[in-house]
Every structure is written in structure tokens, then in C-alpha cells.
$ cat my_file-v4.cif   # mmCIF, C-alpha atoms and all ligand atoms
data_input
loop_
_atom_site.label_atom_id
_atom_site.label_comp_id
_atom_site.auth_asym_id
_atom_site.auth_seq_id
_atom_site.Cartn_x
_atom_site.Cartn_y
_atom_site.Cartn_z
CA MET G 27 29.05 -52.92 21.64
CA ARG G 28 30.36 -55.92 23.53
CA ALA G 29 30.74 -59.32 21.88
CA LEU G 30 31.46 -62.78 23.21
CA VAL G 31 33.15 -65.24 20.85
CA THR G 32 33.36 -68.98 21.51
CA GLY G 33 36.05 -70.83 19.56
CA SER G 34 37.81 -67.46 19.61
CA ASN G 35 41.35 -68.82 19.52
CA GLY G 36 40.73 -70.98 16.44
CA PHE G 37 41.23 -70.21 12.75
CA ILE G 38 37.89 -68.54 12.02
CA GLY G 39 37.28 -67.37 15.60
CA SER G 40 40.52 -65.37 15.86
CA THR G 41 39.88 -63.74 12.46
CA LEU G 42 36.38 -62.80 13.60
CA VAL G 43 37.80 -61.33 16.81
CA GLU G 44 40.13 -59.10 14.77
CA TYR G 45 37.24 -57.99 12.58
CA LEU G 46 35.05 -57.17 15.60
CA LEU G 47 37.87 -55.10 17.08
CA SER G 48 38.19 -53.22 13.78
CA LYS G 49 34.48 -52.43 14.09
CA GLY G 50 35.08 -50.85 17.50
CA SER G 51 33.64 -53.74 19.48
CA GLU G 52 34.81 -54.75 22.90
CA VAL G 53 35.59 -58.47 22.58
CA LEU G 54 35.41 -61.19 25.19
CA CYS G 55 37.11 -64.40 24.12
CA LEU G 56 35.90 -67.61 25.67
CA VAL G 57 38.84 -70.01 25.88
CA ARG G 58 39.83 -73.13 27.76
CA LYS G 59 42.83 -73.69 30.03
CA THR G 60 44.26 -75.92 27.31
CA SER G 61 43.61 -73.50 24.39
CA ASP G 62 46.51 -72.29 22.25
CA LEU G 63 46.26 -68.50 22.54
CA ARG G 64 48.92 -67.45 20.02
CA TRP G 65 46.52 -65.53 17.73
CA LEU G 66 44.79 -63.73 20.61
CA GLN G 67 47.85 -62.67 22.58
CA PRO G 68 48.69 -59.57 20.49
CA LEU G 69 45.06 -58.37 20.55
CA ALA G 70 43.33 -55.99 22.97
CA VAL G 71 40.75 -58.53 24.12
CA LYS G 72 39.65 -59.99 27.41
CA THR G 73 40.15 -63.73 27.60
CA ILE G 74 37.68 -65.57 29.74
CA TYR G 75 38.38 -69.05 30.93
CA GLY G 76 35.04 -70.77 30.76
CA ASP G 77 33.66 -74.12 29.93
CA LEU G 78 30.70 -74.76 27.70
CA ARG G 79 30.06 -77.86 29.79
CA SER G 80 29.19 -75.68 32.81
CA PRO G 81 26.82 -72.91 31.68
CA GLU G 82 26.75 -71.36 35.17
CA SER G 83 30.35 -70.27 34.64
CA LEU G 84 29.12 -67.93 31.87
CA ALA G 85 26.49 -66.07 33.92
CA GLN G 86 28.46 -62.88 34.61
CA VAL G 87 29.85 -62.64 31.07
CA LEU G 88 26.52 -63.12 29.31
CA LYS G 89 24.73 -60.52 31.39
CA LYS G 90 26.76 -57.70 29.86
CA THR G 91 27.09 -58.93 26.29
CA ASP G 92 25.23 -57.58 23.23
CA LEU G 93 26.41 -60.14 20.69
CA VAL G 94 27.29 -63.83 21.00
CA PHE G 95 29.16 -65.58 18.19
CA HIS G 96 29.22 -69.32 18.75
CA LEU G 97 32.04 -70.92 16.76
CA ALA G 98 33.34 -73.53 19.19
CA GLY G 99 32.88 -76.97 17.76
CA VAL G 100 34.59 -80.14 16.65
CA THR G 101 35.18 -80.98 13.00
CA LYS G 102 37.06 -84.23 13.71
CA ALA G 103 35.93 -86.65 16.41
CA ARG G 104 36.20 -90.35 17.15
CA ASP G 105 32.52 -91.27 17.13
CA ALA G 106 28.94 -90.02 17.07
CA GLN G 107 28.97 -89.42 20.81
CA ALA G 108 32.02 -87.17 20.58
CA TYR G 109 30.43 -85.15 17.74
CA PHE G 110 27.25 -84.84 19.81
CA ALA G 111 29.18 -83.70 22.90
CA GLY G 112 31.32 -81.23 20.91
CA ASN G 113 28.65 -79.70 18.68
CA VAL G 114 25.18 -80.33 20.11
CA GLN G 115 25.63 -80.43 23.88
CA THR G 116 27.93 -77.39 23.89
CA THR G 117 25.39 -75.41 21.83
CA LYS G 118 22.56 -76.50 24.12
CA ASN G 119 24.50 -75.45 27.21
CA LEU G 120 25.34 -72.06 25.73
CA LEU G 121 21.73 -71.43 24.62
CA ASP G 122 20.44 -72.46 28.06
CA ALA G 123 22.87 -70.04 29.65
CA CYS G 124 21.82 -67.23 27.26
CA GLU G 125 18.18 -67.95 28.01
CA LYS G 126 18.86 -67.65 31.70
CA PHE G 127 21.38 -64.84 31.95
CA SER G 128 21.46 -62.76 28.76
CA PRO G 129 19.59 -59.53 28.10
CA ALA G 130 16.54 -60.14 25.86
CA GLU G 131 17.91 -57.95 23.05
CA GLN G 132 21.18 -59.91 22.76
CA LYS G 133 21.94 -61.27 19.24
CA PHE G 134 23.22 -64.82 18.72
CA VAL G 135 25.00 -66.17 15.63
CA PHE G 136 25.83 -69.86 15.29
CA VAL G 137 28.49 -71.04 12.85
CA SER G 138 27.29 -74.37 11.53
CA SER G 139 28.60 -75.91 8.30
CA GLN G 140 27.67 -76.72 4.71
CA ALA G 141 27.92 -80.32 5.94
CA ALA G 142 24.63 -79.78 7.84
CA GLY G 143 22.81 -79.18 4.55
CA GLY G 144 24.67 -81.93 2.71
CA PRO G 145 26.10 -82.11 -0.81
CA SER G 146 24.58 -80.23 -3.74
CA PRO G 147 21.51 -81.81 -5.23
CA ASP G 148 22.23 -82.71 -8.87
CA ASP G 149 24.59 -80.29 -10.54
CA ARG G 150 23.37 -77.08 -8.95
CA PRO G 151 24.39 -75.22 -5.80
CA ILE G 152 22.35 -76.17 -2.74
CA THR G 153 20.16 -73.43 -1.25
CA GLU G 154 18.70 -72.95 2.21
CA ALA G 155 15.30 -73.96 0.80
CA ASP G 156 16.57 -77.46 -0.08
CA PRO G 157 15.84 -80.10 2.54
CA ALA G 158 18.88 -80.76 4.71
CA ASN G 159 20.56 -84.05 3.87
CA PRO G 160 23.73 -84.40 5.96
CA ILE G 161 25.75 -87.47 5.05
CA SER G 162 28.30 -87.41 7.87
CA LEU G 163 28.21 -87.62 11.66
CA TYR G 164 29.73 -84.14 11.71
CA GLY G 165 26.98 -82.77 9.45
CA ARG G 166 24.24 -84.47 11.44
CA SER G 167 25.58 -83.07 14.72
CA LYS G 168 25.70 -79.55 13.25
CA LEU G 169 22.12 -79.93 11.98
CA GLN G 170 20.95 -81.01 15.44
CA ALA G 171 22.65 -77.95 16.91
CA GLU G 172 20.95 -75.78 14.26
CA ASP G 173 17.56 -77.11 15.39
CA LEU G 174 18.27 -75.88 18.91
CA VAL G 175 19.27 -72.45 17.60
CA LEU G 176 16.11 -72.24 15.47
CA LYS G 177 13.95 -72.99 18.51
CA TYR G 178 15.80 -70.32 20.47
CA SER G 179 15.24 -67.85 17.61
CA GLN G 180 11.49 -68.01 18.23
CA HIS G 181 11.95 -65.56 21.10
CA ARG G 182 15.50 -64.12 20.71
CA HIS G 183 17.53 -62.96 17.68
CA ALA G 184 19.53 -65.94 16.43
CA ALA G 185 20.93 -66.68 12.97
CA ILE G 186 22.80 -69.63 11.47
CA ILE G 187 25.74 -69.56 9.07
CA ARG G 188 26.73 -72.56 6.94
CA PRO G 189 30.21 -72.00 5.51
CA PRO G 190 31.65 -74.31 2.85
CA SER G 191 35.45 -74.96 2.88
CA VAL G 192 37.12 -71.97 4.47
CA TYR G 193 40.67 -70.98 3.61
CA GLY G 194 43.04 -68.18 4.49
CA PRO G 195 45.88 -67.35 6.89
CA ARG G 196 45.96 -69.64 9.98
CA ASP G 197 44.09 -72.49 8.26
CA ARG G 198 45.82 -75.83 8.64
CA ASP G 199 43.45 -78.04 6.61
CA ILE G 200 44.08 -76.60 3.14
CA LEU G 201 47.70 -76.05 4.20
CA THR G 202 48.26 -79.82 3.91
CA TYR G 203 47.28 -79.62 0.22
CA PHE G 204 49.65 -76.70 -0.41
CA ALA G 205 52.42 -78.44 1.53
CA SER G 206 52.08 -81.61 -0.53
CA ALA G 207 52.14 -79.65 -3.82
CA ASN G 208 55.12 -77.72 -2.52
CA ARG G 209 56.94 -81.04 -2.01
CA GLY G 210 56.10 -82.03 -5.59
CA ILE G 211 52.88 -84.07 -5.31
CA LEU G 212 49.40 -82.78 -6.05
CA PRO G 213 46.82 -85.31 -4.89
CA LEU G 214 43.54 -85.42 -6.86
CA LEU G 215 40.64 -87.39 -5.50
CA GLY G 216 38.56 -89.61 -7.76
CA ASP G 217 38.48 -88.05 -11.22
CA GLY G 218 39.17 -84.51 -9.92
CA ARG G 219 35.88 -83.22 -11.33
CA GLN G 220 34.09 -82.65 -8.01
CA LYS G 221 33.03 -78.98 -7.85
CA ILE G 222 33.14 -77.12 -4.56
CA SER G 223 32.33 -73.72 -3.10
CA MET G 224 34.93 -72.01 -0.98
CA ILE G 225 35.20 -68.83 1.03
CA HIS G 226 38.07 -66.71 2.24
CA VAL G 227 38.00 -66.39 6.01
CA GLU G 228 37.92 -62.57 5.84
CA ASP G 229 34.78 -62.64 3.66
CA LEU G 230 33.24 -65.18 6.02
CA VAL G 231 33.72 -63.09 9.16
CA ARG G 232 32.19 -60.06 7.42
CA GLY G 233 29.10 -62.16 6.69
CA ILE G 234 28.95 -63.59 10.21
CA PHE G 235 28.96 -60.05 11.58
CA LEU G 236 26.18 -58.98 9.18
CA ALA G 237 23.98 -61.81 10.48
CA SER G 238 24.19 -60.24 13.95
CA GLN G 239 23.22 -56.79 12.65
CA VAL G 240 20.42 -57.40 10.17
CA LYS G 241 17.03 -57.78 11.81
CA GLU G 242 15.66 -60.07 9.08
CA ALA G 243 18.41 -62.60 9.83
CA ASN G 244 16.53 -63.80 12.88
CA GLY G 245 15.62 -67.49 12.51
CA ARG G 246 17.34 -67.68 9.12
CA VAL G 247 20.02 -69.99 7.77
CA TYR G 248 22.66 -68.62 5.34
CA TYR G 249 25.22 -70.25 3.11
CA LEU G 250 28.13 -67.83 2.93
CA SER G 251 30.42 -68.62 0.03
CA GLY G 252 32.52 -66.98 -2.65
CA ASP G 253 30.92 -66.45 -6.05
CA GLU G 254 33.08 -68.90 -7.96
CA GLU G 255 32.71 -72.63 -8.64
CA TRP G 256 35.94 -74.63 -8.83
CA ASN G 257 36.64 -78.27 -9.51
CA TRP G 258 39.70 -79.98 -8.06
CA HIS G 259 41.54 -80.02 -11.40
CA ALA G 260 41.31 -76.23 -11.59
CA ILE G 261 42.14 -75.84 -7.89
CA GLY G 262 45.21 -78.03 -8.45
CA ASP G 263 46.32 -75.83 -11.36
CA LEU G 264 45.83 -72.74 -9.25
CA VAL G 265 47.76 -74.21 -6.31
CA ALA G 266 50.66 -75.08 -8.64
CA ARG G 267 50.60 -71.60 -10.21
CA THR G 268 50.44 -69.88 -6.85
CA LEU G 269 53.41 -71.87 -5.55
CA ASN G 270 55.21 -71.47 -8.88
CA LYS G 271 55.85 -75.24 -8.92
CA LYS G 272 55.17 -78.09 -11.31
CA PRO G 273 53.98 -80.87 -9.01
CA ILE G 274 53.12 -84.35 -10.27
CA ARG G 275 49.39 -85.05 -10.24
CA LEU G 276 48.60 -88.11 -8.20
CA PHE G 277 45.11 -89.47 -8.87
CA ILE G 278 43.81 -91.23 -5.76
CA PRO G 279 40.97 -93.63 -6.60
CA PHE G 280 38.13 -93.89 -4.11
CA TRP G 281 38.82 -97.59 -3.40
CA LEU G 282 42.27 -96.58 -2.14
CA LEU G 283 40.76 -93.86 0.03
CA ASP G 284 38.39 -96.44 1.54
CA ALA G 285 41.33 -98.71 2.34
CA VAL G 286 43.43 -95.90 3.82
CA SER G 287 40.51 -94.67 5.93
CA ALA G 288 39.97 -98.19 7.34
CA VAL G 289 43.64 -98.40 8.40
CA ASN G 290 43.48 -94.86 9.75
CA ARG G 291 40.39 -95.67 11.80
CA LEU G 292 42.07 -98.67 13.35
CA ALA G 293 45.22 -96.71 14.18
CA ALA G 294 43.12 -93.88 15.64
CA ALA G 295 41.10 -96.32 17.78
CA ILE G 296 44.32 -97.79 19.17
CA LYS G 297 45.72 -94.31 19.90
CA LYS G 298 42.29 -93.13 21.15
CA ARG G 299 42.45 -90.10 18.82
CA PRO G 300 40.08 -88.95 16.05
CA ALA G 301 41.11 -90.21 12.61
CA LEU G 302 41.87 -87.36 10.19
CA LEU G 303 40.64 -89.50 7.32
CA ASN G 304 37.69 -91.68 8.33
CA SER G 305 34.77 -93.23 6.46
CA ASP G 306 32.71 -90.11 7.19
CA LYS G 307 35.24 -87.85 5.48
CA VAL G 308 35.61 -90.28 2.57
CA ARG G 309 31.83 -90.33 2.03
CA GLU G 310 31.93 -86.52 1.82
CA MET G 311 34.84 -86.64 -0.64
CA LYS G 312 32.95 -89.04 -2.91
CA GLN G 313 29.98 -86.71 -3.53
CA PRO G 314 29.73 -85.31 -7.07
CA ASN G 315 29.56 -81.67 -5.92
CA TRP G 316 29.66 -79.48 -2.80
CA LEU G 317 28.34 -76.23 -4.23
CA CYS G 318 26.22 -73.79 -2.26
CA SER G 319 24.42 -70.61 -3.24
CA ASN G 320 25.07 -67.30 -1.49
CA ALA G 321 21.99 -65.68 -3.10
CA ARG G 322 19.98 -65.44 0.12
CA ALA G 323 22.92 -63.93 2.02
CA LYS G 324 23.36 -61.38 -0.77
CA ALA G 325 19.67 -60.46 -0.80
CA GLU G 326 19.00 -60.39 2.93
CA LEU G 327 22.36 -59.58 4.53
CA THR G 328 23.81 -57.46 1.69
CA PHE G 329 26.70 -59.93 1.81
CA ARG G 330 29.29 -59.37 -0.95
CA PRO G 331 32.32 -61.66 -1.10
CA GLN G 332 35.35 -59.54 -1.95
CA ILE G 333 38.19 -62.04 -2.31
CA GLU G 334 38.35 -64.33 -5.33
CA LEU G 335 40.21 -67.61 -5.07
CA GLU G 336 43.28 -66.62 -7.08
CA PRO G 337 44.27 -63.51 -5.04
CA GLY G 338 43.01 -65.28 -1.91
CA PHE G 339 45.39 -68.21 -2.48
CA ARG G 340 48.27 -65.80 -3.21
CA GLN G 341 47.68 -63.96 0.04
CA THR G 342 47.37 -67.24 1.96
CA VAL G 343 50.57 -68.69 0.49
CA ASP G 344 52.45 -65.46 1.22
CA TRP G 345 51.28 -65.76 4.81
CA TYR G 346 52.24 -69.47 5.04
CA ARG G 347 55.72 -68.61 3.74
CA ARG G 348 56.19 -65.62 6.06
CA THR G 349 55.09 -67.74 9.01
CA GLY G 350 57.34 -70.65 8.03
CA TRP G 351 54.42 -73.06 7.54
CA LEU G 352 55.50 -73.61 3.92
N1 LIG W 401 37.35 -74.40 8.78
C1 LIG W 401 36.37 -74.71 7.96
O1 LIG W 401 36.60 -74.97 6.76
C2 LIG W 401 34.95 -74.74 8.46
C3 LIG W 401 33.92 -74.95 7.51
C4 LIG W 401 32.59 -74.97 7.97
C5 LIG W 401 32.31 -74.77 9.30
N2 LIG W 401 33.33 -74.59 10.21
C6 LIG W 401 32.96 -74.38 11.62
O2 LIG W 401 33.53 -73.17 12.09
C7 LIG W 401 33.86 -73.27 13.48
C8 LIG W 401 35.29 -72.84 13.69
O3 LIG W 401 36.12 -73.69 12.90
P1 LIG W 401 37.69 -73.48 12.75
O4 LIG W 401 38.07 -73.96 11.41
O5 LIG W 401 38.05 -72.12 13.20
O6 LIG W 401 38.18 -74.56 13.81
P2 LIG W 401 39.39 -74.56 14.85
O7 LIG W 401 40.51 -73.67 14.41
O8 LIG W 401 39.66 -76.01 15.11
O9 LIG W 401 38.72 -73.95 16.13
C9 LIG W 401 37.77 -74.64 16.90
C10 LIG W 401 37.55 -73.85 18.16
O10 LIG W 401 36.51 -74.48 18.92
C11 LIG W 401 36.97 -74.60 20.25
N3 LIG W 401 36.29 -75.71 20.95
C12 LIG W 401 36.10 -76.96 20.50
N4 LIG W 401 35.43 -77.68 21.41
C13 LIG W 401 35.17 -76.84 22.45
C14 LIG W 401 34.52 -76.98 23.72
N5 LIG W 401 33.99 -78.14 24.11
N6 LIG W 401 34.46 -75.91 24.55
C15 LIG W 401 35.01 -74.74 24.19
N7 LIG W 401 35.65 -74.53 23.01
C16 LIG W 401 35.74 -75.58 22.16
C17 LIG W 401 38.47 -74.82 20.13
O11 LIG W 401 39.10 -74.58 21.35
P3 LIG W 401 40.50 -75.27 21.73
O12 LIG W 401 41.55 -74.56 20.93
O13 LIG W 401 40.62 -75.09 23.18
O14 LIG W 401 40.38 -76.72 21.33
C18 LIG W 401 38.79 -73.79 19.04
O15 LIG W 401 38.84 -72.51 19.60
C19 LIG W 401 33.58 -74.71 13.90
O16 LIG W 401 32.33 -74.74 14.55
C20 LIG W 401 33.51 -75.46 12.55
O17 LIG W 401 32.63 -76.55 12.64
C21 LIG W 401 34.63 -74.56 9.81
#
$ encode --input "my_file-v4.cif" --output "C-alpha cells"
Amino acid sequence: MRALVTGSNGFIGSTLVEYLLSKGSEVLCLVRKTSDLRWLQPLAVKTIYGDLRSPESLAQVLKKTDLVFHLAGVTKARDAQAYFAGNVQTTKNLLDACEKFSPAEQKFVFVSSQAAGGPSPDDRPITEADPANPISLYGRSKLQAEDLVLKYSQHRHAAIIRPPSVYGPRDRDILTYFASANRGILPLLGDGRQKISMIHVEDLVRGIFLASQVKEANGRVYYLSGDEEWNWHAIGDLVARTLNKKPIRLFIPFWLLDAVSAVNRLAAAIKKRPALLNSDKVREMKQPNWLCSNARAKAELTFRPQIELEPGFRQTVDWYRRTGWL
């Protein structure tokens, strides 16, 4: 079995590559000249310098590939056009190339995001049957990319994964939260009662792989999440416990977030870089809940999350400490 992974050098991509190798797969890693290859270097993989902007460059690779895992994408961008270029155009180019060069029996899995479906309706976890209601440019760009994958799935195997917040070794987003708590401050947004779904990266990659193997996954969308529901108060307690610290809780009201995001946006525009905290991100933070249901993935993919948040955080913090990130 030979697999091609886009976004292979990133947090989720590199973990997926390791999992595919453990399954006996030959793995081709699509990377760019500018990509940081630190996670791939120790692995027995073939790195391919290709560009999703020029599909022709993928012809030879795609011809001999059984599985394609498409994870390359942008989560932070300056404007709608940059989200479109990073998430929609890249997906279109890859699908066009697969259409043209891949064997008909090749399986394609696209890693989208919970943001494509939007926040949970009312107080319950969102399901794949709920109408998609993305509230951010990022979510809308992922949903547009999903539409292309669904069209493609009408004649080739293609499945879509919507992960919620992903954590685990190599993740730098949740690291900032741990790092702040480690320095003595635990930020809590709004009233801290927002409930979210999360998934450990090792559970996620197991589910992504299943979507390439199960025939019924063709043309289907799956939320892959852990079984637990956590609000930010409880997550804060767990972070403090895991670090064995007693950080001060700092409640950040939404009006302050709005103000900070406006300043951030301006600074980012001047530096011509994406703002880490922009109005899009703030809108997402303000939603009552971001829960999703993994029931369909359990029923159709036999997906079973194995890592609960408490041991998952312990393992992640151990890794951050060993690596010197904390
Ligand atoms: N992390 C999460 O919590 C989360 C949650 C839901 C969904 N997702 C989705 O999961 C995927 C992987 O996320 P991640 O957290 O692993 O992100 P990451 O560590 O930032 O990795 C992103 C990867 O995409 C590649 N990439 C971006 N634009 C590209 C382009 N134009 N051509 C080729 N490669 C490109 C990057 O390559 P370079 O290193 O060269 O830039 C990198 O390998 C993304 O599609 C993201 O939207 C992530």
C-alpha cells in the first residue's frame, strides 16, 4: 500500500505519516522547499517536493499511489482570498490532478474542520446531518473545499473528516495555553462555560486512516472527536493539575477580545502577516458551544477514541517538557 500525504510535515500530517508507516504503508510526503522537515527526517519516507499550485508536478506520484490524504491547508490567513487560495484552490488542484493521473481505485481523504459545520446548535453536539453553518472565513473556505470533494466522490472514493480542536505532541496552538498557565496565568474567555469537543492527534489519525479503508465512507462527512465534553473552567483545572501549578485565573471579557483583535489586525496588516487573533477567531470564541458528535464515525467507521483528555494532557505535557517547549 502506497500513500501520499499533503501537509505531511505539519502537526497532524507527521503523526499520520508515523501511523501509516506502523501499518506497513509506503509513505510519500508532499512538502515544499520552505517546509520545516524536522518531524519527517527520522522517518523512512520519501519526501517529494511538489506544489499544489501546479498539479502537473504531481502526475508521476499520483499514478502509483493507492491512498491520498489531503491535510495541507491554512488555519490562519490575512483575508478571504488567502483562505480561498490555501484551502479551496489547493484542494481543487489536487482533485484535478487525481482525476487526471490517479488510478480509478485510489482512495482520497480530505481533512476539513469542525469550523466548516459551525458551532453546535443549541446545547447539543452538532452532527453531520445538521445544516452546515460556518461562521468564519476559515470555516467557509473548508466547506467550499468539502463541496469539491463531495463532487469528486460521485465517481471516486473520497471521504471528509471534520476534527474539532486537536491536541497532542507537536501541537503549538494549545501549547500557548499550557505555557501561559505554566507562567502563572490561566486565561478564561468570557464566562468560561463554553463547552468544546477535543481529540488527541493519535485518535484522529486512526480515524482518518479508517475513512480510507471503509467502503461506506465514500461521499460521507465525519466528525472525529473524543467522547468527553469539557468546558473551559474544567479544562483550566485540568491544565493546572497536569502542570502541578496553581495559576491565577484571568477572565477575559469578550469586549476586551474585540479590542485586542482590532489592534492585532492593524499590526498584522502593517506587517503583512496573518493576525493570530482576528475578528474571525473572536467570533468563534464567542459561540456558546463547539461540541460535535462522533456517533456516525463510531457506527460507520468503527472509530473508537482511546485517549481521554486527562491522560492525553499528561502525555502531551511530558512531551512538551522533554522537548523543551515548556
Ligand atoms: N490542529 C487543529 O486543531 C485542526 C483542527 C481541525 C482541522 N485541522 C486541519 O488539519 C490540517 C492539518 O493541520 P495542522 O494542525 O497539522 O496544521 P500545520 O501543522 O500548520 O500543518 C499545515 C500543513 O499544510 C501545509 N500547507 C499549507 N499550505 C500549503 C500549500 N499551499 N501547499 C502545500 N502545503 C501547504 C504546511 O506546509 P508548510 O510547513 O510548508 O507551510 C503544513 O505541512 C489542516 O488542513 C487544518 O485545517 C486542524
$ residues_near_ligand --input "my_file-v4.cif" --ligand "ligand LIG 401 (chain W)" --cutoff "6 Å" --atoms "all atoms listed in the file" --output "list in words"
Gly33, Ser34, Asn35, Gly36, Phe37, Ile38, Gly39, Arg58, Thr60, Ser61, Asp62, Asp77, Leu78, Leu97, Ala98, Gly99, Val100, Thr101, Gly112, Val137, Ser138, Ser139, Pro189, Pro190, Ser191 and Val192 of chain G
$ closest_atom_pairs --input "my_file-v4.cif" --of "range 68-120 of chain G" --to "range 289-302 of chain G" --cutoff "12 Å" --atoms "only C-alpha atoms" --output "JSON lines"
{"residue": "G:Val100", "atom": "CA", "partner": "G:Pro300", "partner_atom": "CA", "distance": 10.4}
{"residue": "G:Thr101", "atom": "CA", "partner": "G:Leu302", "partner_atom": "CA", "distance": 9.7}
{"residue": "G:Lys102", "atom": "CA", "partner": "G:Pro300", "partner_atom": "CA", "distance": 6.1}
{"residue": "G:Ala103", "atom": "CA", "partner": "G:Pro300", "partner_atom": "CA", "distance": 4.8}
{"residue": "G:Arg104", "atom": "CA", "partner": "G:Pro300", "partner_atom": "CA", "distance": 4.3}
{"residue": "G:Asp105", "atom": "CA", "partner": "G:Pro300", "partner_atom": "CA", "distance": 8.0}
{"residue": "G:Ala106", "atom": "CA", "partner": "G:Pro300", "partner_atom": "CA", "distance": 11.2}
{"residue": "G:Ala108", "atom": "CA", "partner": "G:Pro300", "partner_atom": "CA", "distance": 9.4}
{"residue": "G:Tyr109", "atom": "CA", "partner": "G:Pro300", "partner_atom": "CA", "distance": 10.5}
$ atom_distance --input "my_file-v4.cif" --atom1 "CA of Ala237 in chain G" --atom2 "CA of Ala70 in chain G"
23.8 Å
$ closest_atom_pairs --input "my_file-v4.cif" --of "range 190-243 of chain G" --to "range 318-341 of chain G" --cutoff "12 Å" --atoms "all atoms listed in the file" --output "JSON lines"
{"residue": "G:Pro190", "atom": "CA", "partner": "G:Cys318", "partner_atom": "CA", "distance": 7.5}
{"residue": "G:Ser191", "atom": "CA", "partner": "G:Cys318", "partner_atom": "CA", "distance": 10.6}
{"residue": "G:Val192", "atom": "CA", "partner": "G:Leu335", "partner_atom": "CA", "distance": 10.9}
{"residue": "G:Tyr193", "atom": "CA", "partner": "G:Phe339", "partner_atom": "CA", "distance": 8.2}
{"residue": "G:Gly194", "atom": "CA", "partner": "G:Gly338", "partner_atom": "CA", "distance": 7.0}
{"residue": "G:Pro195", "atom": "CA", "partner": "G:Gln341", "partner_atom": "CA", "distance": 7.9}
{"residue": "G:Arg196", "atom": "CA", "partner": "G:Gln341", "partner_atom": "CA", "distance": 11.6}
{"residue": "G:Asp197", "atom": "CA", "partner": "G:Phe339", "partner_atom": "CA", "distance": 11.6}
{"residue": "G:Ile200", "atom": "CA", "partner": "G:Phe339", "partner_atom": "CA", "distance": 10.2}
{"residue": "G:Leu201", "atom": "CA", "partner": "G:Phe339", "partner_atom": "CA", "distance": 10.6}
{"residue": "G:Tyr203", "atom": "CA", "partner": "G:Phe339", "partner_atom": "CA", "distance": 11.9}
{"residue": "G:Phe204", "atom": "CA", "partner": "G:Phe339", "partner_atom": "CA", "distance": 9.7}
{"residue": "G:Lys221", "atom": "CA", "partner": "G:Cys318", "partner_atom": "CA", "distance": 10.2}
{"residue": "G:Ile222", "atom": "CA", "partner": "G:Cys318", "partner_atom": "CA", "distance": 8.0}
{"residue": "G:Ser223", "atom": "CA", "partner": "G:Cys318", "partner_atom": "CA", "distance": 6.2}
{"residue": "G:Met224", "atom": "CA", "partner": "G:Leu335", "partner_atom": "CA", "distance": 8.0}
{"residue": "G:Ile225", "atom": "CA", "partner": "G:Leu335", "partner_atom": "CA", "distance": 8.0}
{"residue": "G:His226", "atom": "CA", "partner": "G:Ile333", "partner_atom": "CA", "distance": 6.5}
{"residue": "G:Val227", "atom": "CA", "partner": "G:Ile333", "partner_atom": "CA", "distance": 9.4}
{"residue": "G:Glu228", "atom": "CA", "partner": "G:Ile333", "partner_atom": "CA", "distance": 8.2}
{"residue": "G:Asp229", "atom": "CA", "partner": "G:Pro331", "partner_atom": "CA", "distance": 5.4}
{"residue": "G:Leu230", "atom": "CA", "partner": "G:Pro331", "partner_atom": "CA", "distance": 8.0}
{"residue": "G:Val231", "atom": "CA", "partner": "G:Pro331", "partner_atom": "CA", "distance": 10.5}
{"residue": "G:Arg232", "atom": "CA", "partner": "G:Phe329", "partner_atom": "CA", "distance": 7.9}
{"residue": "G:Gly233", "atom": "CA", "partner": "G:Phe329", "partner_atom": "CA", "distance": 5.9}
{"residue": "G:Ile234", "atom": "CA", "partner": "G:Phe329", "partner_atom": "CA", "distance": 9.4}
{"residue": "G:Phe235", "atom": "CA", "partner": "G:Leu327", "partner_atom": "CA", "distance": 9.7}
{"residue": "G:Leu236", "atom": "CA", "partner": "G:Leu327", "partner_atom": "CA", "distance": 6.0}
{"residue": "G:Ala237", "atom": "CA", "partner": "G:Leu327", "partner_atom": "CA", "distance": 6.6}
{"residue": "G:Ser238", "atom": "CA", "partner": "G:Leu327", "partner_atom": "CA", "distance": 9.6}
{"residue": "G:Gln239", "atom": "CA", "partner": "G:Leu327", "partner_atom": "CA", "distance": 8.6}
{"residue": "G:Val240", "atom": "CA", "partner": "G:Leu327", "partner_atom": "CA", "distance": 6.4}
{"residue": "G:Lys241", "atom": "CA", "partner": "G:Leu327", "partner_atom": "CA", "distance": 9.2}
{"residue": "G:Glu242", "atom": "CA", "partner": "G:Glu326", "partner_atom": "CA", "distance": 7.0}
{"residue": "G:Ala243", "atom": "CA", "partner": "G:Leu327", "partner_atom": "CA", "distance": 7.3}
$ closest_atom_pairs --input "my_file-v4.cif" --of "range 238-329 of chain G" --to "range 210-214 of chain G" --cutoff "9 Å" --atoms "all atoms listed in the file" --output "CSV"
residue,atom,partner,partner_atom,distance
G:Trp258,CA,G:Leu214,CA,6.8
G:His259,CA,G:Leu214,CA,7.3
G:Gly262,CA,G:Leu212,CA,6.8
G:Val265,CA,G:Leu212,CA,8.7
G:Ala266,CA,G:Leu212,CA,8.2
G:Lys271,CA,G:Gly210,CA,7.6
G:Lys272,CA,G:Gly210,CA,7.0
G:Pro273,CA,G:Gly210,CA,4.2
G:Ile274,CA,G:Ile211,CA,5.0
G:Arg275,CA,G:Leu212,CA,4.8
G:Leu276,CA,G:Pro213,CA,4.7
G:Phe277,CA,G:Leu214,CA,4.8
G:Ile278,CA,G:Leu214,CA,5.9
G:Pro279,CA,G:Leu214,CA,8.6
$ atom_distance --input "my_file-v4.cif" --atom1 "CA of Ser251 in chain G" --atom2 "CA of Tyr164 in chain G"
19.4 Å
$ closest_residue --input "my_file-v4.cif" --among "G:Pro160, G:Pro314, G:Pro129, G:Pro81" --to "Leu215 in chain G" --atoms "only C-alpha atoms"
G:Pro314
$ residues_near_point --input "my_file-v4.cif" --point "(18.3, -69.2, 21.3)" --cutoff "12 Å" --atoms "all atoms listed in the file" --output "PyMOL selection string"
chain G and resi 94-96+117-136+171-186+244-245
